[in-house]
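**Student:** Structure supplied as entry-v7.pdb; contents: PDB, C-alpha atoms.
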ATOM      1  CA  GLY S   1       4.604   5.842   2.869
ATOM      2  CA  THR S   2       1.539   3.773   1.911
ATOM      3  CA  LEU S   3      -1.600   2.425   3.541
ATOM      4  CA  ASP S   4      -2.764  -1.162   3.455
ATOM      5  CA  PRO S   5      -6.183  -1.696   1.802
ATOM      6  CA  ALA S   6      -8.071  -1.841   5.133
ATOM      7  CA  ALA S   7      -6.566   1.469   6.313
ATOM      8  CA  ALA S   8      -7.368   3.014   2.922
ATOM      9  CA  VAL S   9     -11.016   1.967   3.268
ATOM     10  CA  PHE S  10     -11.064   3.491   6.770
ATOM     11  CA  PHE S  11      -9.602   6.716   5.298
ATOM     12  CA  LEU S  12     -12.503   6.826   2.860
ATOM     13  CA  LEU S  13     -15.322   5.770   5.208
ATOM     14  CA  ARG S  14     -14.380   7.518   8.461
ATOM     15  CA  ASP S  15     -16.548  10.276   9.936
ATOM     16  CA  ALA S  16     -14.898  13.647   9.317
ATOM     17  CA  PRO S  17     -15.492  17.367   9.740
ATOM     18  CA  GLU S  18     -17.100  18.866   6.643
ATOM     19  CA  ASP S  19     -13.918  20.723   5.655
ATOM     20  CA  GLU S  20     -11.991  17.416   5.636
ATOM     21  CA  ALA S  21     -14.621  15.228   3.963
ATOM     22  CA  CYS S  22     -14.101  14.748   0.227
ATOM     23  CA  ARG S  23     -10.457  15.758   0.389
ATOM     24  CA  GLY S  24      -7.405  13.601   0.197
ATOM     25  CA  ALA S  25      -5.239  11.151  -1.615
ATOM     26  CA  VAL S  26      -3.517   8.074  -0.267
ATOM     27  CA  PRO S  27      -1.129   5.601  -1.852
ATOM     28  CA  VAL S  28      -2.118   1.979  -1.203
ATOM     29  CA  PHE S  29       0.086  -1.129  -1.160
ATOM     30  CA  ASP S  30      -1.276  -4.641  -0.556
ATOM     31  CA  GLY S  31       2.064  -6.452  -0.468
ATOM     32  CA  GLN S  32       2.176  -6.999  -4.238
ATOM     33  CA  ARG S  33       0.417  -4.148  -5.958
ATOM     34  CA  ARG S  34       0.446  -0.380  -5.612
ATOM     35  CA  SER S  35      -2.642   1.709  -6.213
ATOM     36  CA  SER S  36      -3.962   5.128  -5.271
ATOM     37  CA  LEU S  37      -7.196   6.346  -3.759
ATOM     38  CA  THR S  38      -8.276   9.973  -4.173
ATOM     39  CA  VAL S  39     -11.364  11.928  -3.187
ATOM     40  CA  ASP S  40     -12.044  15.565  -4.073
ATOM     41  CA  ASN S  41     -14.480  18.016  -5.660
ATOM     42  CA  PRO S  42     -16.945  18.386  -2.749
ATOM     43  CA  ARG S  43     -20.299  19.879  -3.672
ATOM     44  CA  ARG S  44     -23.426  20.496  -1.656
ATOM     45  CA  GLN S  45     -26.749  19.010  -2.686
ATOM     46  CA  GLY S  46     -29.328  19.872  -0.039
ATOM     47  CA  ASP S  47     -28.210  18.307   3.240
ATOM     48  CA  ARG S  48     -25.725  16.044   1.453
ATOM     49  CA  LEU S  49     -22.104  16.517   0.465
ATOM     50  CA  ILE S  50     -21.098  14.635  -2.675
ATOM     51  CA  CYS S  51     -17.547  14.104  -3.848
ATOM     52  CA  ASP S  52     -15.752  12.390  -6.686
ATOM     53  CA  GLY S  53     -13.174   9.721  -6.150
ATOM     54  CA  GLU S  54     -10.921   7.446  -8.074
ATOM     55  CA  TYR S  55      -9.216   4.149  -7.373
ATOM     56  CA  ARG S  56      -6.274   3.787  -9.752
ATOM     57  CA  ARG S  57      -4.080   0.771 -10.412
ATOM     58  CA  VAL S  58      -0.479   1.998 -10.367
ATOM     59  CA  ALA S  59       2.077  -0.860 -10.295
ATOM     60  CA  GLY S  60       2.308  -4.624  -9.874
ATOM     61  CA  PHE S  61      -0.712  -5.325 -12.066
ATOM     62  CA  SER S  62      -0.381  -7.465 -15.167
ATOM     63  CA  PRO S  63      -0.630  -5.805 -18.585
ATOM     64  CA  ALA S  64      -3.937  -7.634 -19.038
ATOM     65  CA  GLU S  65      -5.302  -6.202 -15.771
ATOM     66  CA  LEU S  66      -4.176  -2.696 -16.708
ATOM     67  CA  GLY S  67      -5.599  -3.132 -20.204
ATOM     68  CA  GLU S  68      -8.926  -4.303 -18.834
ATOM     69  CA  LYS S  69      -9.295  -1.281 -16.557
ATOM     70  CA  ALA S  70      -6.805   0.901 -14.711
ATOM     71  CA  GLN S  71      -9.072   3.610 -13.265
ATOM     72  CA  PHE S  72     -12.241   3.093 -11.268
ATOM     73  CA  PRO S  73     -14.237   6.290 -10.676
ATOM     74  CA  PHE S  74     -16.610   6.508  -7.737
ATOM     75  CA  THR S  75     -18.796   8.966  -5.842
ATOM     76  CA  VAL S  76     -19.160   9.294  -2.092
ATOM     77  CA  THR S  77     -22.216  10.885  -0.493
ATOM     78  CA  TYR S  78     -21.943  12.230   3.060
ATOM     79  CA  ARG S  79     -24.634  13.386   5.520
ATOM     80  CA  GLN S  80     -24.366  15.026   8.941
ATOM     81  CA  ASN S  81     -24.201  12.404  11.700
ATOM     82  CA  GLY S  82     -25.697  14.577  14.447
ATOM     83  CA  ASN S  83     -22.347  15.048  16.198
ATOM     84  CA  GLY S  84     -21.064  17.776  13.890
ATOM     85  CA  LEU S  85     -19.299  15.335  11.593
ATOM     86  CA  MET S  86     -20.064  14.099   8.115
ATOM     87  CA  GLN S  87     -20.541  10.355   7.665
ATOM     88  CA  VAL S  88     -20.602   8.314   4.490
ATOM     89  CA  ASP S  89     -24.156   7.542   3.449
ATOM     90  CA  GLU S  90     -23.497   5.976   0.040
ATOM     91  CA  VAL S  91     -20.624   4.959  -2.227
ATOM     92  CA  ARG S  92     -21.067   4.148  -5.917
ATOM     93  CA  ILE S  93     -18.101   2.697  -7.768
ATOM     94  CA  ASP S  94     -17.602   1.628 -11.351
ATOM     95  CA  THR S  95     -16.347  -1.989 -11.266
ATOM     96  CA  LEU S  96     -15.383  -4.524 -13.897
ATOM     97  CA  TYR S  97     -18.919  -5.929 -13.558
ATOM     98  CA  GLY S  98     -20.943  -2.709 -13.481
ATOM     99  CA  ILE S  99     -21.813  -0.129 -10.851
ATOM    100  CA  ALA S 100     -21.586  -1.266  -7.223
ATOM    101  CA  ARG S 101     -23.495   0.641  -4.565
ATOM    102  CA  LEU S 102     -22.822   0.600  -0.823
ATOM    103  CA  ASP S 103     -25.473   2.085   1.466
ATOM    104  CA  ARG S 104     -25.182   2.897   5.174
ATOM    105  CA  ARG S 105     -27.832   1.147   7.252
TER     106      ARG S 105
END
If you took the structure in this file and wrote it as structure tokens, what would it be?
**Tutor:**
Amino acid sequence: GTLDPAAAVFFLLRDAPEDEACRGAVPVFDGQRRSSLTVDNPRRQGDRLICDGEYRRVAGFSPAELGEKAQFPFTVTYRQNGNGLMQVDEVRIDTLYGIARLDRR
């Protein structure tokens, strides 16, 4: 009933129809720790679709890790790919070291 981390990343980054982009939640298990990945709240901004997401530490993390940070909010920006699907253009995630930004090339 869970996805491994690589499958969870594919769930987030895959091309999808607009009505499926920015929607979903998956439980993740890496063999030791359980976490969750959610995306929702799609909103249009010009030709882009922006959604909110959250990576959440759930179980198997030390008290220190959970005390340091248990929730990592992020945003995903989609654009049309020319084939009628939305594709991820940018991801911004709050990390322990600051904001990380991934851009499609």
**Student:** Between CA of Arg48 (chain S) and CA of Gly84 (chain S), what is the distance, to one decimal in Å?
**Tutor:**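 Separation of CA of Arg48 (chain S) and CA of Gly84 (chain S): 13.4 Å.
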**Student:** Closest to Gly53 (chain S) among S:Arg105, S:Lys69, S:Arg92, S:Arg33, using only C-alpha atoms?
**Tutor:**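 Going through S:Arg105, S:Lys69, S:Arg92, S:Arg33 one by one, the smallest distance to Gly53 (chain S) is for S:Arg92.
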**Student:** Rank S:Ala59, S:Cys51, S:Val28, S:Ala21 by their smallest atom-to-atom distance to Gly1 (chain S), using only C-alpha atoms, and report the top residue only.
**Tutor:** S:Val28
**Student:** Rounded to one decimal, what separation in Å do you get between CA of Phe10 (chain S) and CA of Val91 (chain S)?
**Tutor:** 13.2 Å
**Student:** Using only C-alpha atoms, pick whichever of S:Leu37, S:Val88, S:Gly46, S:Gly60 has the shortest atom-to-atom distance to Phe72 (chain S).
**Tutor:**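 Nearest candidate to Phe72 (chain S) out of S:Leu37, S:Val88, S:Gly46, S:Gly60: S:Leu37.
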**Student:** Evaluating the PyMOL selection byres ((chain S and resi 74) around 12) on the displayed file yields which residues, as a ChimeraX atom specification?
**Tutor:** /S:12,22,37-41,50-56,71-73,75-77,90-95,98-102
**Student:** Taking all atoms listed in the file into account, name the residue in S:Pro63, S:Pro5, S:Pro17, S:Pro42 that is nearest to Phe29 (chain S).
**Tutor:**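 Result for the nearest residue to Phe29 (chain S): S:Pro5.
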**Student:** Under the rule that all atoms listed in the file are counted, which of S:Glu68, S:Ser36, S:Gln80, S:Asp47 is the nearest residue to Gly24 (chain S)?
**Tutor:**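 Closest residue, counting all atoms listed in the file: S:Ser36.
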**Student:** Let me know the centre plus edge lengths, in Å and rounded to one decimal, of a box with edges along x, y and z that contains all listed atoms of region 62-65 of chain S and is padded by 6 Å on every side, as lines of an AutoDock Vina configuration file.
**Tutor:**
center_x = -2.8
center_y = -6.7
center_z = -17.1
size_x = 16.9
size_y = 13.8
size_z = 15.9
**Student:** To one decimal place in Å, what is the distance between CA of Gln32 (chain S) and CA of Phe61 (chain S)?
**Tutor:**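 These two atoms are separated by 8.5 Å.
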**Student:** Measuring between all atoms listed in the file, which one of S:Ala6, S:Leu66, S:Leu96, S:Leu49 shows the shortest distance to Glu18 (chain S)?
**Tutor:**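 Among the listed residues, the smallest separation from Glu18 (chain S) belongs to S:Leu49.
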**Student:** Any chance you could resolve the PyMOL selection byres ((chain S and resi 57) around 6) against this file and give the residues as a list of chain:residue names?
**Tutor:**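 Applying the expression gives S:Ser35, S:Arg56, S:Val58, S:Ala70.
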**Student:** The PyMOL selection byres ((chain S and resi 85) around 10) - which residues does that actually catch in the file I just gave you? List them as number ranges by chain.
**Tutor:** S: 14-21, 78-84, 86-87
